[in-house]
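Here is model23.cif, consisting of mmCIF, C-alpha atoms:
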data_my_file
loop_
_atom_site.group_PDB
_atom_site.id
_atom_site.type_symbol
_atom_site.label_atom_id
_atom_site.label_comp_id
_atom_site.auth_asym_id
_atom_site.auth_seq_id
_atom_site.Cartn_x
_atom_site.Cartn_y
_atom_site.Cartn_z
ATOM 1 C CA MET E 1 170.428 124.012 156.007
ATOM 2 C CA LYS E 2 170.929 120.255 156.093
ATOM 3 C CA GLU E 3 167.770 119.507 154.126
ATOM 4 C CA LEU E 4 165.925 121.408 151.409
ATOM 5 C CA SER E 5 162.736 120.701 153.320
ATOM 6 C CA LEU E 6 164.068 122.994 156.072
ATOM 7 C CA ASN E 7 164.516 125.822 153.549
ATOM 8 C CA ILE E 8 160.931 125.187 152.448
ATOM 9 C CA LEU E 9 159.675 125.403 156.038
ATOM 10 C CA ASP E 10 161.668 128.593 156.581
ATOM 11 C CA VAL E 11 160.665 130.436 153.400
ATOM 12 C CA ALA E 12 157.008 129.363 153.648
ATOM 13 C CA GLU E 13 156.964 131.029 157.087
ATOM 14 C CA ASN E 14 157.511 134.341 155.270
ATOM 15 C CA SER E 15 154.312 133.747 153.310
ATOM 16 C CA VAL E 16 152.334 133.196 156.494
ATOM 17 C CA LYS E 17 153.889 136.310 158.029
ATOM 18 C CA ALA E 18 152.842 138.247 154.922
ATOM 19 C CA GLY E 19 149.255 137.430 155.853
ATOM 20 C CA ALA E 20 148.670 134.816 153.155
ATOM 21 C CA ALA E 21 145.315 133.058 153.254
ATOM 22 C CA LEU E 22 146.719 130.342 150.994
ATOM 23 C CA THR E 23 150.338 129.283 150.627
ATOM 24 C CA GLN E 24 151.085 126.864 147.812
ATOM 25 C CA ILE E 25 154.176 124.705 147.968
ATOM 26 C CA SER E 26 154.902 122.747 144.830
ATOM 27 C CA ILE E 27 157.804 120.451 144.133
ATOM 28 C CA ASP E 28 158.292 119.102 140.626
ATOM 29 C CA GLU E 29 160.924 116.476 140.098
ATOM 30 C CA THR E 30 162.462 114.815 137.089
ATOM 31 C CA ASP E 31 165.529 112.598 137.205
ATOM 32 C CA GLU E 32 167.721 115.648 136.723
ATOM 33 C CA LEU E 33 165.865 118.663 138.027
ATOM 34 C CA LEU E 34 163.941 119.615 141.154
ATOM 35 C CA THR E 35 161.801 122.724 140.840
ATOM 36 C CA LEU E 36 160.386 124.312 143.962
ATOM 37 C CA LYS E 37 157.715 126.991 143.997
ATOM 38 C CA ILE E 38 156.276 128.780 146.997
ATOM 39 C CA ILE E 39 153.318 130.902 145.973
ATOM 40 C CA ASP E 40 151.287 133.033 148.356
ATOM 41 C CA ASP E 41 148.504 135.588 148.266
ATOM 42 C CA GLY E 42 149.997 137.651 151.083
ATOM 43 C CA CYS E 43 150.733 141.373 151.155
ATOM 44 C CA GLY E 44 153.659 141.120 148.724
ATOM 45 C CA MET E 45 156.684 143.416 148.603
ATOM 46 C CA SER E 46 157.771 146.566 146.842
ATOM 47 C CA GLU E 47 160.369 146.317 144.064
ATOM 48 C CA GLU E 48 163.132 147.610 146.339
ATOM 49 C CA THR E 49 162.308 145.101 149.052
ATOM 50 C CA VAL E 50 162.314 142.237 146.548
ATOM 51 C CA LYS E 51 165.818 143.254 145.467
ATOM 52 C CA ALA E 52 166.948 143.544 149.046
ATOM 53 C CA VAL E 53 165.711 140.203 150.366
ATOM 54 C CA THR E 54 168.083 138.158 148.224
ATOM 55 C CA ASP E 55 171.099 140.105 149.488
ATOM 56 C CA PRO E 56 172.238 138.839 152.894
ATOM 57 C CA PHE E 57 174.262 142.000 153.497
ATOM 58 C CA TYR E 58 171.375 144.343 152.939
ATOM 59 C CA THR E 59 170.078 144.547 156.455
ATOM 60 C CA THR E 60 168.536 147.872 157.303
ATOM 61 C CA ARG E 61 166.146 147.728 160.172
ATOM 62 C CA THR E 62 163.054 147.688 157.955
ATOM 63 C CA THR E 63 164.069 144.576 156.054
ATOM 64 C CA ARG E 64 165.851 142.798 158.838
ATOM 65 C CA LYS E 65 162.765 140.734 159.497
ATOM 66 C CA VAL E 66 163.327 138.941 156.218
ATOM 67 C CA GLY E 67 166.836 137.915 157.203
ATOM 68 C CA LEU E 68 168.880 135.049 155.828
ATOM 69 C CA GLY E 69 166.163 132.629 154.818
ATOM 70 C CA VAL E 70 165.787 133.716 151.191
ATOM 71 C CA PRO E 71 169.555 134.103 150.534
ATOM 72 C CA LEU E 72 170.108 130.585 151.912
ATOM 73 C CA LEU E 73 167.530 129.095 149.539
ATOM 74 C CA LYS E 74 169.020 131.064 146.626
ATOM 75 C CA LEU E 75 172.481 129.775 147.495
ATOM 76 C CA ALA E 76 171.226 126.190 147.795
ATOM 77 C CA ALA E 77 169.784 126.408 144.260
ATOM 78 C CA GLU E 78 172.639 128.269 142.600
ATOM 79 C CA GLN E 79 175.354 126.054 144.052
ATOM 80 C CA THR E 80 173.879 123.179 142.021
ATOM 81 C CA GLY E 81 173.957 125.269 138.823
ATOM 82 C CA GLY E 82 170.237 125.875 139.204
ATOM 83 C CA SER E 83 168.341 129.144 139.291
ATOM 84 C CA PHE E 84 166.365 131.277 141.702
ATOM 85 C CA SER E 85 163.781 133.996 141.290
ATOM 86 C CA ILE E 86 161.396 135.961 143.397
ATOM 87 C CA VAL E 87 158.493 137.943 141.976
ATOM 88 C CA SER E 88 156.137 139.961 144.091
ATOM 89 C CA LYS E 89 153.102 142.193 143.774
ATOM 90 C CA SER E 90 152.513 144.416 146.772
ATOM 91 C CA SER E 91 148.985 144.900 148.045
ATOM 92 C CA GLU E 92 149.563 148.652 147.955
ATOM 93 C CA GLN E 93 150.029 148.582 144.201
ATOM 94 C CA TYR E 94 147.850 145.628 143.313
ATOM 95 C CA LYS E 95 144.630 145.794 145.278
ATOM 96 C CA SER E 96 143.095 142.489 144.278
ATOM 97 C CA GLU E 97 145.880 140.229 143.023
ATOM 98 C CA HIS E 98 148.872 140.479 145.299
ATOM 99 C CA GLY E 99 151.384 138.051 146.683
ATOM 100 C CA THR E 100 154.803 136.548 146.179
ATOM 101 C CA VAL E 101 156.187 133.729 144.056
ATOM 102 C CA VAL E 102 159.517 132.214 145.046
ATOM 103 C CA SER E 103 160.946 129.774 142.497
ATOM 104 C CA ALA E 104 164.099 127.743 142.764
ATOM 105 C CA SER E 105 165.462 124.963 140.601
ATOM 106 C CA PHE E 106 168.144 122.492 141.549
ATOM 107 C CA TYR E 107 170.283 120.099 139.544
ATOM 108 C CA LYS E 108 169.912 116.932 141.565
ATOM 109 C CA ASN E 109 173.023 115.218 140.296
ATOM 110 C CA HIS E 110 175.284 118.094 141.251
ATOM 111 C CA LEU E 111 177.699 117.391 144.087
ATOM 112 C CA ASP E 112 176.336 120.348 146.079
ATOM 113 C CA PHE E 113 172.667 119.372 145.839
ATOM 114 C CA THR E 114 171.089 119.369 149.290
ATOM 115 C CA PRO E 115 168.739 116.387 149.648
ATOM 116 C CA LEU E 116 165.058 117.199 150.067
ATOM 117 C CA GLY E 117 164.865 115.398 153.419
ATOM 118 C CA ASP E 118 161.732 115.069 155.528
ATOM 119 C CA VAL E 119 159.310 117.258 153.621
ATOM 120 C CA VAL E 120 156.306 115.663 155.356
ATOM 121 C CA SER E 121 157.610 116.957 158.669
ATOM 122 C CA SER E 122 157.961 120.464 157.233
ATOM 123 C CA VAL E 123 154.367 120.419 155.977
ATOM 124 C CA THR E 124 152.946 119.197 159.290
ATOM 125 C CA THR E 125 155.090 121.703 161.198
ATOM 126 C CA LEU E 126 153.718 124.552 159.070
ATOM 127 C CA ILE E 127 150.146 123.434 159.664
ATOM 128 C CA GLN E 128 150.713 122.910 163.401
ATOM 129 C CA GLY E 129 152.110 126.431 163.707
ATOM 130 C CA HIS E 130 149.514 128.100 161.520
ATOM 131 C CA PRO E 131 146.276 126.113 161.721
ATOM 132 C CA ASP E 132 144.162 129.066 160.622
ATOM 133 C CA THR E 133 145.793 129.586 157.226
ATOM 134 C CA ASP E 134 145.606 127.229 154.264
ATOM 135 C CA PHE E 135 148.333 125.273 152.532
ATOM 136 C CA LEU E 136 148.292 123.463 149.228
ATOM 137 C CA PHE E 137 151.177 121.042 148.950
ATOM 138 C CA THR E 138 151.941 119.088 145.796
ATOM 139 C CA HIS E 139 154.963 116.967 145.020
ATOM 140 C CA SER E 140 155.148 115.398 141.588
ATOM 141 C CA PHE E 141 157.768 112.975 140.338
ATOM 142 C CA ASN E 142 157.745 110.507 137.447
ATOM 143 C CA GLY E 143 154.073 111.204 136.798
ATOM 144 C CA ASN E 144 153.047 110.531 140.414
ATOM 145 C CA VAL E 145 151.570 113.261 142.564
ATOM 146 C CA VAL E 146 151.437 113.551 146.350
ATOM 147 C CA LYS E 147 148.908 116.180 147.365
ATOM 148 C CA LEU E 148 147.470 117.822 150.436
ATOM 149 C CA ASP E 149 144.975 120.683 150.428
ATOM 150 C CA THR E 150 144.065 121.953 153.891
ATOM 151 C CA ARG E 151 140.956 123.646 152.468
ATOM 152 C CA GLU E 152 139.482 120.198 151.792
ATOM 153 C CA LEU E 153 140.339 119.052 155.312
ATOM 154 C CA ARG E 154 138.893 122.226 156.809
ATOM 155 C CA GLU E 155 135.587 121.504 155.104
ATOM 156 C CA VAL E 156 135.403 118.161 156.906
ATOM 157 C CA LEU E 157 136.707 119.467 160.226
ATOM 158 C CA GLY E 158 134.387 122.455 160.566
ATOM 159 C CA ASP E 159 135.429 124.351 163.687
ATOM 160 C CA VAL E 160 137.866 121.690 164.889
ATOM 161 C CA SER E 161 141.366 123.120 164.475
ATOM 162 C CA LEU E 162 143.839 121.726 161.958
ATOM 163 C CA GLY E 163 146.392 122.100 164.733
ATOM 164 C CA GLU E 164 144.826 119.371 166.901
ATOM 165 C CA TYR E 165 147.300 116.591 167.599
ATOM 166 C CA ASP E 166 145.119 113.862 166.090
ATOM 167 C CA VAL E 167 144.573 115.914 162.952
ATOM 168 C CA ILE E 168 148.303 116.622 162.536
ATOM 169 C CA LYS E 169 149.036 112.905 162.987
ATOM 170 C CA TRP E 170 146.371 112.068 160.408
ATOM 171 C CA ILE E 171 147.931 114.503 157.925
ATOM 172 C CA GLU E 172 151.368 112.995 158.557
ATOM 173 C CA GLU E 173 150.093 109.471 157.912
ATOM 174 C CA TYR E 174 148.039 110.619 154.923
ATOM 175 C CA LEU E 175 151.126 112.084 153.248
ATOM 176 C CA LYS E 176 153.386 109.167 154.192
ATOM 177 C CA GLU E 177 150.910 106.678 152.719
ATOM 178 C CA GLN E 178 150.896 108.596 149.450
ATOM 179 C CA TYR E 179 154.688 108.530 149.327
ATOM 180 C CA ASP E 180 154.787 104.822 150.178
ATOM 181 C CA GLN E 181 152.340 104.089 147.411
ATOM 182 C CA PHE E 182 154.647 105.587 144.829
ATOM 183 C CA GLY E 183 157.795 104.151 146.348
ATOM 184 C CA MET J 1 144.529 104.138 153.291
ATOM 185 C CA LYS J 2 143.739 107.253 155.268
ATOM 186 C CA SER J 3 140.369 108.595 154.264
ATOM 187 C CA LEU J 4 138.388 111.749 154.846
ATOM 188 C CA ALA J 5 135.869 109.572 156.697
ATOM 189 C CA GLU J 6 138.558 108.916 159.265
ATOM 190 C CA LEU J 7 139.104 112.655 159.598
ATOM 191 C CA GLN J 8 135.378 113.036 160.144
ATOM 192 C CA ALA J 9 135.643 110.542 163.021
ATOM 193 C CA ILE J 10 138.484 112.577 164.540
ATOM 194 C CA LYS J 11 136.310 115.662 164.258
ATOM 195 C CA ASP J 12 133.399 114.015 166.040
ATOM 196 C CA ARG J 13 135.725 112.888 168.799
ATOM 197 C CA MET J 14 137.300 116.339 169.190
ATOM 198 C CA LYS J 15 134.072 118.275 169.083
ATOM 199 C CA ASN J 16 133.249 117.632 172.737
ATOM 200 C CA LYS J 17 136.796 118.143 173.929
ATOM 201 C CA VAL J 18 137.140 121.536 172.263
ATOM 202 C CA VAL J 19 134.430 123.019 174.422
ATOM 203 C CA LEU J 20 136.069 121.790 177.602
ATOM 204 C CA ARG J 21 139.497 122.959 176.618
ATOM 205 C CA GLU J 22 138.953 126.597 175.806
ATOM 206 C CA GLY J 23 141.212 128.832 177.849
ATOM 207 C CA THR J 24 142.444 126.075 180.102
ATOM 208 C CA SER J 25 146.067 125.943 178.938
ATOM 209 C CA ASP J 26 148.103 126.875 181.997
ATOM 210 C CA ILE J 27 151.543 126.356 180.549
ATOM 211 C CA ARG J 28 152.616 127.884 177.269
ATOM 212 C CA VAL J 29 155.626 126.353 175.521
ATOM 213 C CA VAL J 30 157.123 128.335 172.655
ATOM 214 C CA VAL J 31 159.725 127.113 170.163
ATOM 215 C CA GLY J 32 161.822 129.562 168.117
ATOM 216 C CA MET J 33 161.206 128.688 164.471
ATOM 217 C CA ALA J 34 162.976 131.455 162.540
ATOM 218 C CA THR J 35 165.817 130.707 160.098
ATOM 219 C CA CYS J 36 168.286 130.442 162.983
ATOM 220 C CA GLY J 37 166.134 127.991 164.925
ATOM 221 C CA ILE J 38 165.226 125.850 161.919
ATOM 222 C CA ALA J 39 168.855 125.634 160.782
ATOM 223 C CA ALA J 40 169.932 124.599 164.285
ATOM 224 C CA GLY J 41 167.357 121.774 164.492
ATOM 225 C CA ALA J 42 164.149 123.288 165.889
ATOM 226 C CA ARG J 43 161.830 121.172 163.740
ATOM 227 C CA PRO J 44 162.483 117.845 165.525
ATOM 228 C CA VAL J 45 162.483 119.662 168.892
ATOM 229 C CA LEU J 46 159.032 121.089 168.220
ATOM 230 C CA ASN J 47 157.719 117.728 167.030
ATOM 231 C CA ALA J 48 159.115 115.939 170.089
ATOM 232 C CA LEU J 49 157.409 118.470 172.379
ATOM 233 C CA VAL J 50 154.076 118.213 170.580
ATOM 234 C CA GLU J 51 154.263 114.431 170.727
ATOM 235 C CA SER J 52 155.356 114.226 174.373
ATOM 236 C CA VAL J 53 152.679 116.648 175.551
ATOM 237 C CA ASN J 54 150.096 114.439 173.880
ATOM 238 C CA ASP J 55 151.596 111.134 175.047
ATOM 239 C CA LEU J 56 151.844 112.336 178.651
ATOM 240 C CA GLY J 57 148.211 113.440 178.530
ATOM 241 C CA LEU J 58 149.085 117.093 179.119
ATOM 242 C CA SER J 59 147.185 118.531 176.144
ATOM 243 C CA ASP J 60 144.624 120.185 178.390
ATOM 244 C CA LYS J 61 147.108 122.188 180.394
ATOM 245 C CA VAL J 62 150.057 122.684 178.033
ATOM 246 C CA SER J 63 150.030 124.420 174.651
ATOM 247 C CA VAL J 64 152.979 124.215 172.263
ATOM 248 C CA SER J 65 153.396 126.981 169.719
ATOM 249 C CA GLN J 66 155.955 128.430 167.317
ATOM 250 C CA THR J 67 157.499 131.860 167.241
ATOM 251 C CA GLY J 68 160.092 133.814 165.269
ATOM 252 C CA CYS J 69 163.637 134.723 166.255
ATOM 253 C CA ILE J 70 164.006 135.059 170.020
ATOM 254 C CA GLY J 71 167.253 137.007 169.644
ATOM 255 C CA ILE J 72 169.787 134.535 170.970
ATOM 256 C CA CYS J 73 170.549 132.719 167.728
ATOM 257 C CA GLN J 74 173.786 131.192 169.040
ATOM 258 C CA PHE J 75 171.744 129.235 171.605
ATOM 259 C CA GLU J 76 169.192 127.802 169.168
ATOM 260 C CA PRO J 77 167.151 125.663 169.227
ATOM 261 C CA VAL J 78 165.519 127.649 172.024
ATOM 262 C CA VAL J 79 162.400 126.623 173.947
ATOM 263 C CA GLU J 80 160.641 129.010 176.326
ATOM 264 C CA VAL J 81 158.201 127.917 179.006
ATOM 265 C CA PHE J 82 155.669 130.420 180.339
ATOM 266 C CA GLU J 83 153.670 129.629 183.432
ATOM 267 C CA PRO J 84 151.325 132.042 185.188
ATOM 268 C CA GLY J 85 152.928 133.503 188.313
ATOM 269 C CA LYS J 86 156.352 132.077 187.548
ATOM 270 C CA GLU J 87 159.434 133.432 185.863
ATOM 271 C CA LYS J 88 159.939 132.422 182.225
ATOM 272 C CA VAL J 89 162.236 129.430 181.770
ATOM 273 C CA THR J 90 164.505 129.422 178.703
ATOM 274 C CA TYR J 91 165.919 126.104 177.512
ATOM 275 C CA VAL J 92 168.810 126.382 175.061
ATOM 276 C CA LYS J 93 170.668 124.193 172.549
ATOM 277 C CA MET J 94 167.779 121.766 172.626
ATOM 278 C CA THR J 95 167.478 118.384 170.955
ATOM 279 C CA ALA J 96 164.447 116.126 170.522
ATOM 280 C CA GLU J 97 165.793 113.948 173.345
ATOM 281 C CA LYS J 98 166.202 116.891 175.755
ATOM 282 C CA ALA J 99 162.741 118.118 174.748
ATOM 283 C CA ARG J 100 161.218 114.806 175.834
ATOM 284 C CA GLU J 101 163.042 115.075 179.181
ATOM 285 C CA VAL J 102 161.744 118.623 179.658
ATOM 286 C CA ALA J 103 158.200 117.449 178.927
ATOM 287 C CA GLU J 104 158.416 114.748 181.587
ATOM 288 C CA SER J 105 160.339 116.577 184.267
ATOM 289 C CA HIS J 106 159.146 120.155 183.877
ATOM 290 C CA LEU J 107 155.803 120.172 182.075
ATOM 291 C CA GLN J 108 154.492 117.086 183.821
ATOM 292 C CA GLY J 109 156.498 117.015 187.049
ATOM 293 C CA GLY J 110 156.974 120.745 187.639
ATOM 294 C CA LYS J 111 160.743 120.401 188.059
ATOM 295 C CA VAL J 112 162.852 122.749 185.909
ATOM 296 C CA LEU J 113 165.819 121.004 184.243
ATOM 297 C CA THR J 114 168.428 123.617 185.084
ATOM 298 C CA GLU J 115 171.220 121.805 183.254
ATOM 299 C CA TYR J 116 169.527 122.760 179.963
ATOM 300 C CA THR J 117 168.474 126.306 180.829
ATOM 301 C CA LEU J 118 170.179 129.502 179.773
ATOM 302 C CA ASN J 119 172.876 130.534 182.185
ATOM 303 C CA LYS J 120 172.598 134.314 182.582
ATOM 304 C CA GLY J 121 176.399 134.573 182.732
ATOM 305 C CA GLU J 122 176.660 133.219 179.180
ATOM 306 C CA LEU J 123 174.816 136.159 177.650
#

Final structure tokens representation of the file:
Amino acid sequence: MKELSLNILDVAENSVKAGAALTQISIDETDELLTLKIIDDGCGMSEETVKAVTDPFYTTRTTRKVGLGVPLLKLAAEQTGGSFSIVSKSSEQYKSEHGTVVSASFYKNHLDFTPLGDVVSSVTTLIQGHPDTDFLFTHSFNGNVVKLDTRELREVLGDVSLGEYDVIKWIEEYLKEQYDQFG
Amino acid sequence: MKSLAELQAIKDRMKNKVVLREGTSDIRVVVGMATCGIAAGARPVLNALVESVNDLGLSDKVSVSQTGCIGICQFEPVVEVFEPGKEKVTYVKMTAEKAREVAESHLQGGKVLTEYTLNKGEL
């Protein structure tokens, strides 16, 4: 992937496919480190599946759906000297509190660090494609926080879809203004 | 600054339109947004389509949505156009620029851009 934001878009799609009502995407940045977390309350995975998804060569038919997305994110993190983990609680085992947490950290000054790129576009693309599920996006750096919570927007919008063109454009501008404010 | 009040105004404006629009999308445009599509550049293609459909005033008859892997990863980004009573049209190796052309020529004008479609012999 040319941008980390594309990995984020790709891996967050897995959360939506897992039936998540809320997918949280958080990016925490210091001068040295970028930490990415994608947290969902979807159906989760069994222990064996969790092990399998990080291995690009483990492709039996049942796990093929997961594909290369997770291994690519893992590679992007580890090639900077950073780390990657995935923890999951399957809904079969954990009736009330299930879901998946994908964490990846990146050393930003490493030669092989992939720039974050257009993360606003990834967020709006996710919402456009899945207007009926919720996303909480936060990006913090140097004490500043850019935030978008679709649950708050949904409260205002009522039965007007988050996927409406004007709404998507509003979200895009809303996020861009926050970024501009913090330089 | 963008405010929630502004979003409220959008809502009020949309409210009436929503009723009119239900079930009226004649043309369905689908963009492959699995790992293969995203890595090949599907995100700007999707955004260009969404934007063009709006700018050309086609929102009432064209819907743009996302799907998973279509199965021809080597031809990504792939865009499929479904129209009632017509054969599916598959555009391959798309770019944002080509997507805008497709919106104008095909979605608005009804003329398929065959230079960008999948050639059956290539499969």

Inset, instruction - Kindly provide, as a ChimeraX atom specification, the residues of chain J having any atom no farther than 8 Å from an atom of chain E, counting all atoms listed in the file. - result: /J:1-4,7-8,10-11,14-15,18,33-35,38-39,43,47,50-51,54,65-66

Legend entry - Val145 (chain E) surroundings by all atoms listed in the file, 10 Å radius, close-in-sequence under 6 positions cut, as a list in words: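 Once the adjacent positions are removed, what remains is Ile27, Asp28, Thr138, His139, Gln178, Tyr179 and Phe182 of chain E.
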
Inset, instruction - Run the PyMOL selection byres ((chain J and resi 96-112) around 12) on the file and write out the hits as an MDAnalysis selection string. - result: chainID J and resid 25:31 40:64 77:83 86:95 113:118

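Atom pair CA of Gly81 (chain E) / CA of Glu29 (chain E): separated by 15.8 Å.
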
If we count all atoms listed in the file, what is near Gln79 (chain E) at a cut-off of 9 Å, once residues fewer than 4 positions away on the same chain are taken out, given as a PDB file with C-alpha atoms, in the frame of the given file?
ATOM      1  CA  LYS E  74     169.020 131.064 146.626  1.00  0.00           C
ATOM      2  CA  LEU E  75     172.481 129.775 147.495  1.00  0.00           C
ATOM      3  CA  PHE E 106     168.144 122.492 141.549  1.00  0.00           C
ATOM      4  CA  HIS E 110     175.284 118.094 141.251  1.00  0.00           C
ATOM      5  CA  LEU E 111     177.699 117.391 144.087  1.00  0.00           C
ATOM      6  CA  ASP E 112     176.336 120.348 146.079  1.00  0.00           C
ATOM      7  CA  PHE E 113     172.667 119.372 145.839  1.00  0.00           C
TER       8      PHE E 113
END

Inset, instruction - To verify the selection step, state as number ranges by chain which residues the PyMOL selection byres ((chain E and resi 136) around 8) yields on this input. - result: E: 22-26, 134-135, 137-138, 147-150

Any chance you could export the current selection's C-alpha atoms as an mmCIF file, in the coordinates of the input?
data_model
loop_
_atom_site.group_PDB
_atom_site.id
_atom_site.type_symbol
_atom_site.label_atom_id
_atom_site.label_comp_id
_atom_site.auth_asym_id
_atom_site.auth_seq_id
_atom_site.Cartn_x
_atom_site.Cartn_y
_atom_site.Cartn_z
ATOM 1 C CA LEU E 22 146.719 130.342 150.994
ATOM 2 C CA THR E 23 150.338 129.283 150.627
ATOM 3 C CA GLN E 24 151.085 126.864 147.812
ATOM 4 C CA ILE E 25 154.176 124.705 147.968
ATOM 5 C CA SER E 26 154.902 122.747 144.830
ATOM 6 C CA ASP E 134 145.606 127.229 154.264
ATOM 7 C CA PHE E 135 148.333 125.273 152.532
ATOM 8 C CA PHE E 137 151.177 121.042 148.950
ATOM 9 C CA THR E 138 151.941 119.088 145.796
ATOM 10 C CA LYS E 147 148.908 116.180 147.365
ATOM 11 C CA LEU E 148 147.470 117.822 150.436
ATOM 12 C CA ASP E 149 144.975 120.683 150.428
ATOM 13 C CA THR E 150 144.065 121.953 153.891
#

Legend entry - Interatomic distance, CA of Ser15 (chain E) to CA of Ile39 (chain E) (Å, one decimal):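 So the answer is 7.9 Å.
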
Please enclose the listed atoms of region 149-166 of chain E in an axis-aligned box, pad each side by 5 Å, and write out the centre and the three edge lengths in Å, rounded to one decimal, as lines of an AutoDock Vina configuration file.
center_x = 140.8
center_y = 119.1
center_z = 159.0
size_x = 22.9
size_y = 20.5
size_z = 27.2

Inset, instruction - Work out how far CA of Gly143 (chain E) is from CA of Ile127 (chain E), in Å to one decimal. - result: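 These atoms are spaced 26.2 Å apart.
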
Inset, instruction - On this file, the PyMOL selection byres ((chain E and resi 44) around 6) gives some set of residues; write that set as a list in words. - result: Gly42, Cys43, Met45, Ser88, Lys89, Ser90, His98, Gly99 and Thr100 of chain E

Inset, instruction - Would you mind listing what lies within 12 Å of Ser83 (chain E) as number ranges by chain, with all atoms listed in the file counted and same-chain residues fewer than 4 positions away left out? - result: E: 33-37, 73-79, 102-107

How about completing region 163-175 of chain E with N, CA and C atoms and giving it to me as a short mmCIF file (atom, residue, chain, number, x, y, z; two decimals), in the coordinates of the input?
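Resulting contents of rebuild_26.cif:
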data_model
loop_
_atom_site.label_atom_id
_atom_site.label_comp_id
_atom_site.auth_asym_id
_atom_site.auth_seq_id
_atom_site.Cartn_x
_atom_site.Cartn_y
_atom_site.Cartn_z
N GLY E 163 145.23 122.25 163.86
CA GLY E 163 146.39 122.10 164.73
C GLY E 163 146.23 121.02 165.81
N GLU E 164 145.05 120.44 165.92
CA GLU E 164 144.83 119.37 166.90
C GLU E 164 145.80 118.22 166.65
N TYR E 165 146.31 117.65 167.71
CA TYR E 165 147.30 116.59 167.60
C TYR E 165 146.84 115.45 166.69
N ASP E 166 145.62 114.99 166.89
CA ASP E 166 145.12 113.86 166.09
C ASP E 166 145.02 114.22 164.61
N VAL E 167 144.69 115.47 164.34
CA VAL E 167 144.57 115.91 162.95
C VAL E 167 145.96 115.97 162.31
N ILE E 168 146.92 116.54 163.04
CA ILE E 168 148.30 116.62 162.54
C ILE E 168 148.85 115.22 162.25
N LYS E 169 148.57 114.29 163.17
CA LYS E 169 149.04 112.90 162.99
C LYS E 169 148.37 112.27 161.77
N TRP E 170 147.10 112.59 161.57
CA TRP E 170 146.37 112.07 160.41
C TRP E 170 147.01 112.59 159.13
N ILE E 171 147.31 113.88 159.10
CA ILE E 171 147.93 114.50 157.93
C ILE E 171 149.29 113.84 157.64
N GLU E 172 150.06 113.62 158.71
CA GLU E 172 151.37 113.00 158.56
C GLU E 172 151.24 111.61 157.91
N GLU E 173 150.31 110.82 158.45
CA GLU E 173 150.09 109.47 157.91
C GLU E 173 149.57 109.51 156.48
N TYR E 174 148.66 110.45 156.24
CA TYR E 174 148.04 110.62 154.92
C TYR E 174 149.11 110.88 153.86
N LEU E 175 150.05 111.76 154.19
CA LEU E 175 151.13 112.08 153.25
C LEU E 175 152.09 110.90 153.10
#
